[in-house]
$ cat upload26.tsv   # TSV, C-alpha atoms
chain	number	residue	atom	x	y	z
E	26	MET	CA	192.42	73.86	20.06
E	27	LYS	CA	195.03	75.09	22.55
E	28	ASP	CA	196.03	77.65	19.86
E	29	TRP	CA	192.42	78.83	19.86
E	30	CYS	CA	192.53	79.25	23.65
E	31	CYS	CA	195.77	81.23	23.40
E	32	ASP	CA	194.15	83.44	20.74
E	33	ILE	CA	191.32	84.26	23.16
E	34	VAL	CA	193.79	85.23	25.88
E	35	CYS	CA	195.81	87.40	23.47
E	36	PHE	CA	192.63	89.04	22.14
E	37	VAL	CA	191.37	89.87	25.64
E	38	THR	CA	194.79	91.19	26.68
E	39	GLY	CA	194.88	93.49	23.65
E	40	LEU	CA	191.31	94.60	24.28
E	41	PHE	CA	192.10	95.46	27.89
E	42	SER	CA	195.22	97.40	26.97
E	43	GLU	CA	193.22	99.60	24.57
E	44	ILE	CA	189.81	100.03	26.21
E	45	LEU	CA	190.41	99.71	29.97
E	46	PRO	CA	192.67	102.80	30.38
E	47	LEU	CA	190.11	104.93	28.48
E	48	ARG	CA	187.22	103.69	30.63
E	49	MET	CA	189.18	104.22	33.84
E	50	GLU	CA	190.06	107.77	32.80
E	51	SER	CA	186.38	108.52	32.08
E	52	SER	CA	185.46	107.55	35.68
E	53	THR	CA	186.10	109.95	38.55
E	54	ASN	CA	189.33	108.24	39.57
E	55	ASN	CA	192.00	110.06	41.55
E	56	VAL	CA	193.69	106.72	42.19
E	57	THR	CA	196.03	105.43	39.48
E	58	GLU	CA	198.20	103.15	41.60
E	59	LEU	CA	197.32	100.67	44.36
E	60	ILE	CA	199.46	99.33	47.21
E	61	PHE	CA	199.21	95.78	48.60
E	62	THR	CA	199.69	95.20	52.32
E	63	GLY	CA	200.96	91.72	51.43
E	64	LEU	CA	200.74	88.46	53.31
E	65	PHE	CA	203.37	89.05	56.02
E	66	GLN	CA	205.17	92.18	57.22
E	67	ASP	CA	208.36	90.58	58.62
E	68	PRO	CA	211.17	90.86	55.99
E	69	GLU	CA	212.76	87.58	57.12
E	70	VAL	CA	209.47	85.71	56.76
E	71	GLN	CA	208.95	87.29	53.34
E	72	ARG	CA	212.35	86.09	52.13
E	73	VAL	CA	211.60	82.55	53.30
E	74	CYS	CA	208.19	82.72	51.61
E	75	PHE	CA	209.87	83.91	48.40
E	76	VAL	CA	211.99	80.75	48.20
E	77	VAL	CA	209.12	78.43	49.18
E	78	PHE	CA	206.51	79.91	46.85
E	79	LEU	CA	208.99	80.18	43.96
E	80	LEU	CA	209.66	76.44	44.23
E	81	VAL	CA	205.91	75.74	44.49
E	82	TYR	CA	205.21	77.84	41.38
E	83	LEU	CA	207.98	76.14	39.38
E	84	ALA	CA	206.58	72.76	40.46
E	85	THR	CA	203.12	73.89	39.32
E	86	VAL	CA	204.31	74.92	35.86
E	87	VAL	CA	206.57	71.89	35.36
E	88	GLY	CA	204.09	69.35	36.77
E	89	ASN	CA	201.07	70.58	34.86
E	90	GLY	CA	203.14	71.23	31.74
E	91	LEU	CA	204.40	67.64	31.87
E	92	ILE	CA	200.81	66.36	31.96
E	93	VAL	CA	199.87	68.50	28.94
E	94	LEU	CA	202.93	67.26	27.05
E	95	THR	CA	202.41	63.61	28.02
E	96	VAL	CA	198.73	63.57	27.00
E	97	ASN	CA	199.44	65.22	23.66
E	98	VAL	CA	202.43	62.99	22.82
E	99	SER	CA	201.30	59.63	24.19
E	100	LYS	CA	199.13	57.47	21.91
E	101	SER	CA	197.63	55.64	24.90
E	102	LEU	CA	196.13	58.78	26.48
E	103	HIS	CA	193.73	59.92	23.77
E	104	SER	CA	190.48	59.11	25.60
E	105	PRO	CA	188.13	61.99	26.56
E	106	MET	CA	189.20	61.76	30.22
E	107	TYR	CA	192.82	62.63	29.38
E	108	PHE	CA	191.72	65.20	26.81
E	109	PHE	CA	189.93	67.08	29.61
E	110	LEU	CA	192.82	66.48	32.02
E	111	SER	CA	195.27	68.16	29.63
E	112	TYR	CA	193.06	71.25	29.46
E	113	LEU	CA	192.62	71.27	33.23
E	114	SER	CA	196.42	71.26	33.61
E	115	LEU	CA	196.72	74.07	31.04
E	116	VAL	CA	194.17	76.14	32.97
E	117	GLU	CA	196.02	75.43	36.24
E	118	ILE	CA	199.19	76.97	34.77
E	119	THR	CA	197.40	80.09	33.52
E	120	TYR	CA	195.27	80.41	36.67
E	121	SER	CA	198.31	80.28	38.95
E	122	SER	CA	200.27	82.62	36.67
E	123	THR	CA	197.73	85.43	37.05
E	124	VAL	CA	198.62	85.83	40.73
E	125	VAL	CA	201.77	83.97	41.79
E	126	PRO	CA	204.57	85.67	39.73
E	127	LYS	CA	203.48	89.13	40.91
E	128	PHE	CA	203.01	87.83	44.47
E	129	ILE	CA	206.50	86.28	44.51
E	130	THR	CA	208.26	89.40	43.22
E	131	ASP	CA	206.35	91.57	45.72
E	132	LEU	CA	207.77	89.49	48.59
E	133	LEU	CA	211.15	91.12	47.89
E	134	ALA	CA	209.73	94.63	47.40
E	135	LYS	CA	209.44	97.20	50.17
E	136	ILE	CA	206.39	98.80	48.56
E	137	LYS	CA	204.10	96.43	46.67
E	138	THR	CA	202.33	98.43	43.96
E	139	ILE	CA	200.12	97.76	40.94
E	140	SER	CA	198.36	100.15	38.56
E	141	LEU	CA	194.57	100.39	38.73
E	142	GLU	CA	194.33	99.04	35.16
E	143	GLY	CA	196.71	96.21	36.07
E	144	CYS	CA	194.59	95.39	39.12
E	145	VAL	CA	191.37	95.16	37.07
E	146	THR	CA	193.16	93.05	34.45
E	147	GLN	CA	194.40	90.67	37.15
E	148	ILE	CA	190.85	90.34	38.50
E	149	PHE	CA	189.55	89.54	35.02
E	150	PHE	CA	192.02	86.75	34.29
E	151	PHE	CA	191.87	85.37	37.84
E	152	HIS	CA	188.10	84.90	37.60
E	153	PHE	CA	188.27	83.88	33.93
E	154	PHE	CA	190.61	80.96	34.54
E	155	GLY	CA	189.06	80.16	37.94
E	156	VAL	CA	185.53	79.68	36.56
E	157	THR	CA	186.92	77.88	33.49
E	158	GLU	CA	188.52	75.39	35.88
E	159	ILE	CA	185.25	74.97	37.80
E	160	LEU	CA	183.35	74.22	34.58
E	161	LEU	CA	186.07	71.81	33.40
E	162	LEU	CA	185.74	69.89	36.68
E	163	VAL	CA	181.98	69.63	36.04
E	164	VAL	CA	182.69	68.40	32.51
E	165	MET	CA	185.12	65.78	33.85
E	166	ALA	CA	182.48	64.59	36.32
E	167	TYR	CA	180.02	64.20	33.43
E	168	ASP	CA	182.64	62.22	31.52
E	169	ARG	CA	183.10	59.84	34.48
E	170	TYR	CA	179.31	59.53	34.84
E	171	VAL	CA	178.92	58.43	31.21
E	172	ALA	CA	181.93	56.09	31.40
E	173	ILE	CA	180.68	54.30	34.53
E	174	CYS	CA	176.89	54.48	34.18
E	175	LYS	CA	176.62	54.08	30.39
E	176	PRO	CA	179.79	52.22	29.37
E	177	LEU	CA	178.34	50.66	26.19
E	178	HIS	CA	177.40	54.08	24.80
E	179	TYR	CA	180.46	55.94	26.10
E	180	MET	CA	182.34	56.47	22.82
E	181	ASN	CA	179.16	57.44	20.98
E	182	ILE	CA	178.14	59.99	23.61
E	183	MET	CA	181.60	61.40	24.34
E	184	SER	CA	182.51	62.00	20.72
E	185	ARG	CA	185.47	64.18	19.79
E	186	GLN	CA	183.08	66.88	18.64
E	187	LEU	CA	181.22	66.94	21.97
E	188	CYS	CA	184.52	67.05	23.88
E	189	HIS	CA	185.57	70.14	21.95
E	190	VAL	CA	182.16	71.74	22.51
E	191	LEU	CA	182.35	71.09	26.27
E	192	VAL	CA	185.86	72.54	26.54
E	193	THR	CA	184.89	75.56	24.44
E	194	GLY	CA	181.80	76.06	26.62
E	195	SER	CA	183.99	76.01	29.74
E	196	TRP	CA	186.27	78.74	28.36
E	197	LEU	CA	183.31	80.85	27.20
E	198	GLY	CA	181.58	80.41	30.57
E	199	GLY	CA	184.67	81.71	32.34
E	200	PHE	CA	184.92	84.60	29.87
E	201	PHE	CA	181.32	85.80	30.28
E	202	HIS	CA	181.48	85.42	34.07
E	203	SER	CA	184.60	87.58	34.19
E	204	ILE	CA	183.24	90.19	31.80
E	205	ILE	CA	180.26	90.71	34.14
E	206	GLN	CA	182.63	91.23	37.08
E	207	ILE	CA	184.72	93.75	35.17
E	208	LEU	CA	181.73	95.71	33.83
E	209	ILE	CA	180.63	96.15	37.43
E	210	THR	CA	184.10	97.18	38.61
E	211	ILE	CA	184.98	99.78	35.96
E	212	GLN	CA	181.83	101.78	36.75
E	213	LEU	CA	183.06	102.50	40.29
E	214	PRO	CA	184.91	105.72	41.19
E	215	PHE	CA	188.17	105.36	43.13
E	216	CYS	CA	189.28	108.55	44.86
E	217	GLY	CA	191.31	107.15	47.78
E	218	PRO	CA	192.65	105.54	49.87
E	219	ASN	CA	194.73	103.26	47.66
E	220	VAL	CA	195.85	100.46	50.02
E	221	ILE	CA	194.46	96.94	49.37
E	222	ASP	CA	194.57	94.67	52.40
E	223	HIS	CA	195.58	91.62	50.38
E	224	TYR	CA	198.48	90.22	48.33
E	225	PHE	CA	196.62	90.30	44.99
E	226	CYS	CA	193.64	92.08	43.43
E	227	ASP	CA	190.20	90.65	44.04
E	228	LEU	CA	186.77	92.19	43.91
E	229	GLN	CA	185.83	92.58	47.58
E	230	PRO	CA	189.15	94.15	48.69
E	231	LEU	CA	188.98	96.53	45.70
E	232	PHE	CA	185.35	97.47	46.40
E	233	LYS	CA	186.39	98.72	49.84
E	234	LEU	CA	188.45	101.44	48.13
E	235	ALA	CA	185.56	102.79	46.05
E	236	CYS	CA	184.27	106.20	47.18
E	237	THR	CA	180.64	105.15	46.86
E	238	ASP	CA	178.30	102.57	48.35
E	239	THR	CA	179.09	99.15	46.84
E	240	SER	CA	176.49	97.03	48.67
E	241	VAL	CA	174.54	96.33	45.46
E	242	GLU	CA	177.72	95.49	43.56
E	243	GLY	CA	178.76	93.21	46.42
E	244	VAL	CA	175.49	91.27	46.19
E	245	ILE	CA	175.88	90.88	42.41
E	246	VAL	CA	179.43	89.63	42.85
E	247	LEU	CA	178.29	87.23	45.56
E	248	ALA	CA	175.58	85.89	43.24
E	249	ASN	CA	177.94	85.67	40.26
E	250	SER	CA	180.92	84.08	42.00
E	251	GLY	CA	179.50	82.30	45.01
E	252	LEU	CA	176.50	80.74	43.33
E	253	ILE	CA	178.58	79.45	40.41
E	254	ALA	CA	180.92	77.74	42.88
E	255	LEU	CA	178.11	76.42	45.08
E	256	CYS	CA	175.88	75.17	42.23
E	257	SER	CA	178.81	73.52	40.46
E	258	PHE	CA	179.87	71.88	43.72
E	259	LEU	CA	176.35	70.52	44.30
E	260	ILE	CA	176.25	69.18	40.73
E	261	LEU	CA	179.59	67.47	41.27
E	262	VAL	CA	178.53	65.94	44.57
E	263	SER	CA	175.25	64.71	43.05
E	264	SER	CA	177.03	63.18	40.05
E	265	TYR	CA	179.44	61.24	42.26
E	266	ILE	CA	176.62	59.99	44.46
E	267	VAL	CA	174.96	58.59	41.31
E	268	ILE	CA	178.30	57.12	40.17
E	269	LEU	CA	178.93	55.41	43.52
E	270	PHE	CA	175.38	54.04	43.51
E	271	ASN	CA	175.87	52.56	40.03
E	272	LEU	CA	179.20	50.97	40.97
E	273	ARG	CA	177.30	48.30	42.89
E	274	ASN	CA	176.56	46.58	39.59
E	275	HIS	CA	180.24	46.43	38.53
E	276	SER	CA	182.78	43.70	39.17
E	277	ALA	CA	185.30	44.07	41.99
E	278	GLU	CA	188.06	44.97	39.51
E	279	GLY	CA	185.78	47.45	37.73
E	280	ARG	CA	184.85	49.10	41.04
E	281	ARG	CA	188.50	49.36	42.07
E	282	LYS	CA	189.55	51.03	38.81
E	283	ALA	CA	186.56	53.39	38.76
E	284	LEU	CA	187.03	54.38	42.40
E	285	SER	CA	190.73	55.05	41.81
E	286	THR	CA	189.94	57.44	38.96
E	287	CYS	CA	187.05	59.12	40.78
E	288	ALA	CA	189.05	59.51	44.01
E	289	SER	CA	191.61	61.72	42.22
E	290	HIS	CA	188.87	63.90	40.79
E	291	ILE	CA	186.97	64.16	44.08
E	292	THR	CA	190.18	65.15	45.92
E	293	VAL	CA	190.87	67.94	43.40
E	294	VAL	CA	187.25	69.14	43.64
E	295	LEU	CA	187.41	69.35	47.45
E	296	LEU	CA	190.77	71.14	47.43
E	297	PHE	CA	189.51	73.75	44.95
E	298	PHE	CA	185.91	74.26	46.05
E	299	GLY	CA	186.43	74.15	49.82
E	300	PRO	CA	188.46	77.39	50.08
E	301	ALA	CA	186.50	79.10	47.26
E	302	ILE	CA	183.13	78.51	48.92
E	303	PHE	CA	184.60	79.54	52.29
E	304	LEU	CA	185.69	82.93	50.90
E	305	TYR	CA	182.95	83.77	48.39
E	306	MET	CA	179.81	82.48	50.13
E	307	ARG	CA	180.09	84.71	53.20
E	308	PRO	CA	180.59	88.43	53.94
E	309	SER	CA	184.11	89.68	53.23
E	310	SER	CA	186.56	90.27	56.08
E	311	THR	CA	190.17	91.31	56.58
E	312	PHE	CA	191.26	88.37	58.72
E	313	THR	CA	194.76	87.04	58.09
E	314	GLU	CA	193.18	83.57	57.88
E	315	ASP	CA	191.37	84.67	54.71
E	316	LYS	CA	194.69	85.50	53.08
E	317	LEU	CA	196.12	82.12	54.08
E	318	VAL	CA	193.08	80.36	52.62
E	319	ALA	CA	193.58	82.37	49.42
E	320	VAL	CA	197.23	81.24	49.33
E	321	PHE	CA	196.02	77.65	49.44
E	322	TYR	CA	193.80	77.87	46.36
E	323	THR	CA	195.95	80.28	44.34
E	324	VAL	CA	199.40	78.81	45.06
E	325	VAL	CA	199.21	75.34	46.60
E	326	THR	CA	196.22	73.64	44.92
E	327	PRO	CA	197.50	74.11	41.31
E	328	MET	CA	200.72	72.33	42.35
E	329	LEU	CA	198.88	69.43	44.01
E	330	ASN	CA	196.66	68.57	41.03
E	331	PRO	CA	199.35	66.92	38.84
E	332	ILE	CA	200.64	65.01	41.88
E	333	ILE	CA	197.15	63.72	42.69
E	334	TYR	CA	196.36	62.67	39.13
E	335	THR	CA	199.70	60.99	38.43
E	336	LEU	CA	200.06	59.16	41.74
E	337	ARG	CA	196.63	57.52	41.45
E	338	ASN	CA	196.63	56.90	37.70
E	339	ALA	CA	198.71	54.00	36.40
E	340	GLU	CA	198.19	54.93	32.73
E	341	VAL	CA	199.56	58.44	33.20
E	342	LYS	CA	202.58	57.14	35.16
E	343	ILE	CA	203.35	54.54	32.47
E	344	ALA	CA	203.01	57.14	29.70
E	345	MET	CA	205.35	59.53	31.56
E	346	ARG	CA	207.95	56.78	32.04
E	347	ARG	CA	207.79	56.00	28.32
E	348	LEU	CA	208.14	59.68	27.46
E	349	TRP	CA	211.16	60.12	29.73
E	350	GLY	CA	212.65	56.82	28.55
E	351	LYS	CA	212.28	57.87	24.92
E	352	ASN	CA	213.93	61.25	25.59
E	353	LEU	CA	216.85	59.63	27.43
E	354	PHE	CA	217.31	57.15	24.59
E	355	LEU	CA	217.37	59.96	22.00
E	356	LYS	CA	219.87	61.92	24.06
E	357	ARG	CA	222.21	58.93	24.37
E	358	LYS	CA	221.83	58.16	20.70
E	359	GLY	CA	222.69	61.78	19.87
E	360	LYS	CA	225.89	61.53	21.88
$ encode --input "upload26.tsv" --output "structure tokens"
Amino acid sequence: MKDWCCDIVCFVTGLFSEILPLRMESSTNNVTELIFTGLFQDPEVQRVCFVVFLLVYLATVVGNGLIVLTVNVSKSLHSPMYFFLSYLSLVEITYSSTVVPKFITDLLAKIKTISLEGCVTQIFFFHFFGVTEILLLVVMAYDRYVAICKPLHYMNIMSRQLCHVLVTGSWLGGFFHSIIQILITIQLPFCGPNVIDHYFCDLQPLFKLACTDTSVEGVIVLANSGLIALCSFLILVSSYIVILFNLRNHSAEGRRKALSTCASHITVVLLFFGPAIFLYMRPSSTFTEDKLVAVFYTVVTPMLNPIIYTLRNAEVKIAMRRLWGKNLFLKRKGK
């Protein structure tokens, strides 16, 4: 199924490379290149940030990649919960990779530029993977609800087929959400200025450059992005209230194990939804604090997820030790 997800990404990339330049040319656009103001202006601070954020990004890719590898290789991690966790980790890698590599390289550049087509493409994939992650978190909450509230029917309800349908629905939900955002954006004329007060392309900063009134588009974006985040967050909170209520009927050991699993998920939900709701459920601004909040959910949160899930999950830690132990044994045997 991961091949299928990669096929979608490749298809969309090809589609953008062919259609987007033509559509941009048909609009009254005098702007072909955009300039980021960046996060900080001090060159020394930027060099320090380059080292820090490069290490954070490498930790994100390695940590989440290790979870994907461990779940797919380990025979003990084939339950629906780990199936969804592997896809969440895959999405974390792709989500972070839409922003962070460009952001890191720009820290060493005097002028931080991106083409208009590249900017719109970045917006598409940023929202695509972001909403896919939101929907996967909702799916994982549903999985925990069935496991804790209906344990005798868990394997019948959470069949392999349903798991694939839920993951596919998450990817398609992210795709259609992002397509709506892009269809709104490519209709706008951009005739100058061309300076984005941010370190990556997002809808509200880009709308400020359009040479037309974008109040209607802003409301649509707010409804599309903000309401998805808010409604999903409310669903997640409601599901965990029901789960905690049902835990009263479990044994002490059962409650401990369930709470340990749910605590990891709740922590990830708060880390992701808190900044997203803060930025997308209120009028846009150019405060530096907004950029720092954006750094948290684009750079830091994807790195924290594998740490949170592995530290609080004994099965994942055991499976990783076995995987590393097996690799070390094979290396020694090869020598």
$ atom_distance --input "upload26.tsv" --atom1 "CA of His152 in chain E" --atom2 "CA of Tyr322 in chain E"
12.6 Å
$ closest_residue --input "upload26.tsv" --among "E:Leu132, E:Val341, E:Leu79, E:Val267" --to "Leu64 in chain E" --atoms "only C-alpha atoms"
E:Leu132
$ closest_residue --input "upload26.tsv" --among "E:Gly194, E:Gly217, E:Pro327, E:Pro300" --to "Ala254 in chain E" --atoms "all atoms listed in the file"
E:Pro300
$ closest_atom_pairs --input "upload26.tsv" --of "range 163-226 of chain E" --to "range 95-105 of chain E" --cutoff "8 Å" --atoms "all atoms listed in the file" --output "CSV"
residue,atom,partner,partner_atom,distance
E:Asp168,CA,E:Pro105,CA,7.4
E:Met183,CA,E:Pro105,CA,6.9
E:Arg185,CA,E:Pro105,CA,7.6
E:Cys188,CA,E:Pro105,CA,6.8
$ closest_residue --input "upload26.tsv" --among "E:Arg280, E:His223, E:His275, E:His202" --to "Ile245 in chain E" --atoms "only C-alpha atoms"
E:His202
$ closest_residue --input "upload26.tsv" --among "E:Leu213, E:Val86, E:Ile333, E:Ala248" --to "Ala288 in chain E" --atoms "all atoms listed in the file"
E:Ile333
$ atom_distance --input "upload26.tsv" --atom1 "CA of Cys256 in chain E" --atom2 "CA of Val156 in chain E"
12.1 Å
$ closest_residue --input "upload26.tsv" --among "E:Cys74, E:Ile260, E:Ile211, E:Ile221" --to "Tyr170 in chain E" --atoms "only C-alpha atoms"
E:Ile260
$ closest_residue --input "upload26.tsv" --among "E:Ile268, E:Ile159, E:Val318, E:Leu234" --to "Leu252 in chain E" --atoms "only C-alpha atoms"
E:Ile159
$ atom_distance --input "upload26.tsv" --atom1 "CA of Val320 in chain E" --atom2 "CA of Ser121 in chain E"
10.5 Å
$ residues_around --input "upload26.tsv" --residues "Ala166 in chain E" --least-positions-apart "4" --cutoff "12 Å" --atoms "all atoms listed in the file" --output "number ranges by chain"
E: 105-106, 109-110, 159-162, 170-174, 191, 257-268, 286-291, 293-294
$ residues_around --input "upload26.tsv" --residues "Thr323 in chain E" --least-positions-apart "4" --cutoff "10 Å" --atoms "all atoms listed in the file" --output "number ranges by chain"
E: 117, 120-125, 151, 155, 297, 300-301, 317-319, 327-328
$ write_last_selection --input "upload26.tsv" --atoms "C-alpha atoms" --output "tab-separated table (two decimals), in the coordinates of the input"
chain	number	residue	atom	x	y	z
E	117	GLU	CA	196.02	75.43	36.24
E	120	TYR	CA	195.27	80.41	36.67
E	121	SER	CA	198.31	80.28	38.95
E	122	SER	CA	200.27	82.62	36.67
E	123	THR	CA	197.73	85.43	37.05
E	124	VAL	CA	198.62	85.83	40.73
E	125	VAL	CA	201.77	83.97	41.79
E	151	PHE	CA	191.87	85.37	37.84
E	155	GLY	CA	189.06	80.16	37.94
E	297	PHE	CA	189.51	73.75	44.95
E	300	PRO	CA	188.46	77.39	50.08
E	301	ALA	CA	186.50	79.10	47.26
E	317	LEU	CA	196.12	82.12	54.08
E	318	VAL	CA	193.08	80.36	52.62
E	319	ALA	CA	193.58	82.37	49.42
E	327	PRO	CA	197.50	74.11	41.31
E	328	MET	CA	200.72	72.33	42.35
$ residues_around --input "upload26.tsv" --residues "Trp196 in chain E" --least-positions-apart "4" --cutoff "8 Å" --atoms "all atoms listed in the file" --output "MDAnalysis selection string"
chainID E and resid 30 153:154 157 192 200
$ residues_near_point --input "upload26.tsv" --point "(197.8, 98.1, 45.1)" --cutoff "7 Å" --atoms "only C-alpha atoms" --output "list in words"
Glu58, Leu59, Ile60, Phe61, Lys137, Thr138, Ile139, Ser140, Asn219, Val220 and Ile221 of chain E
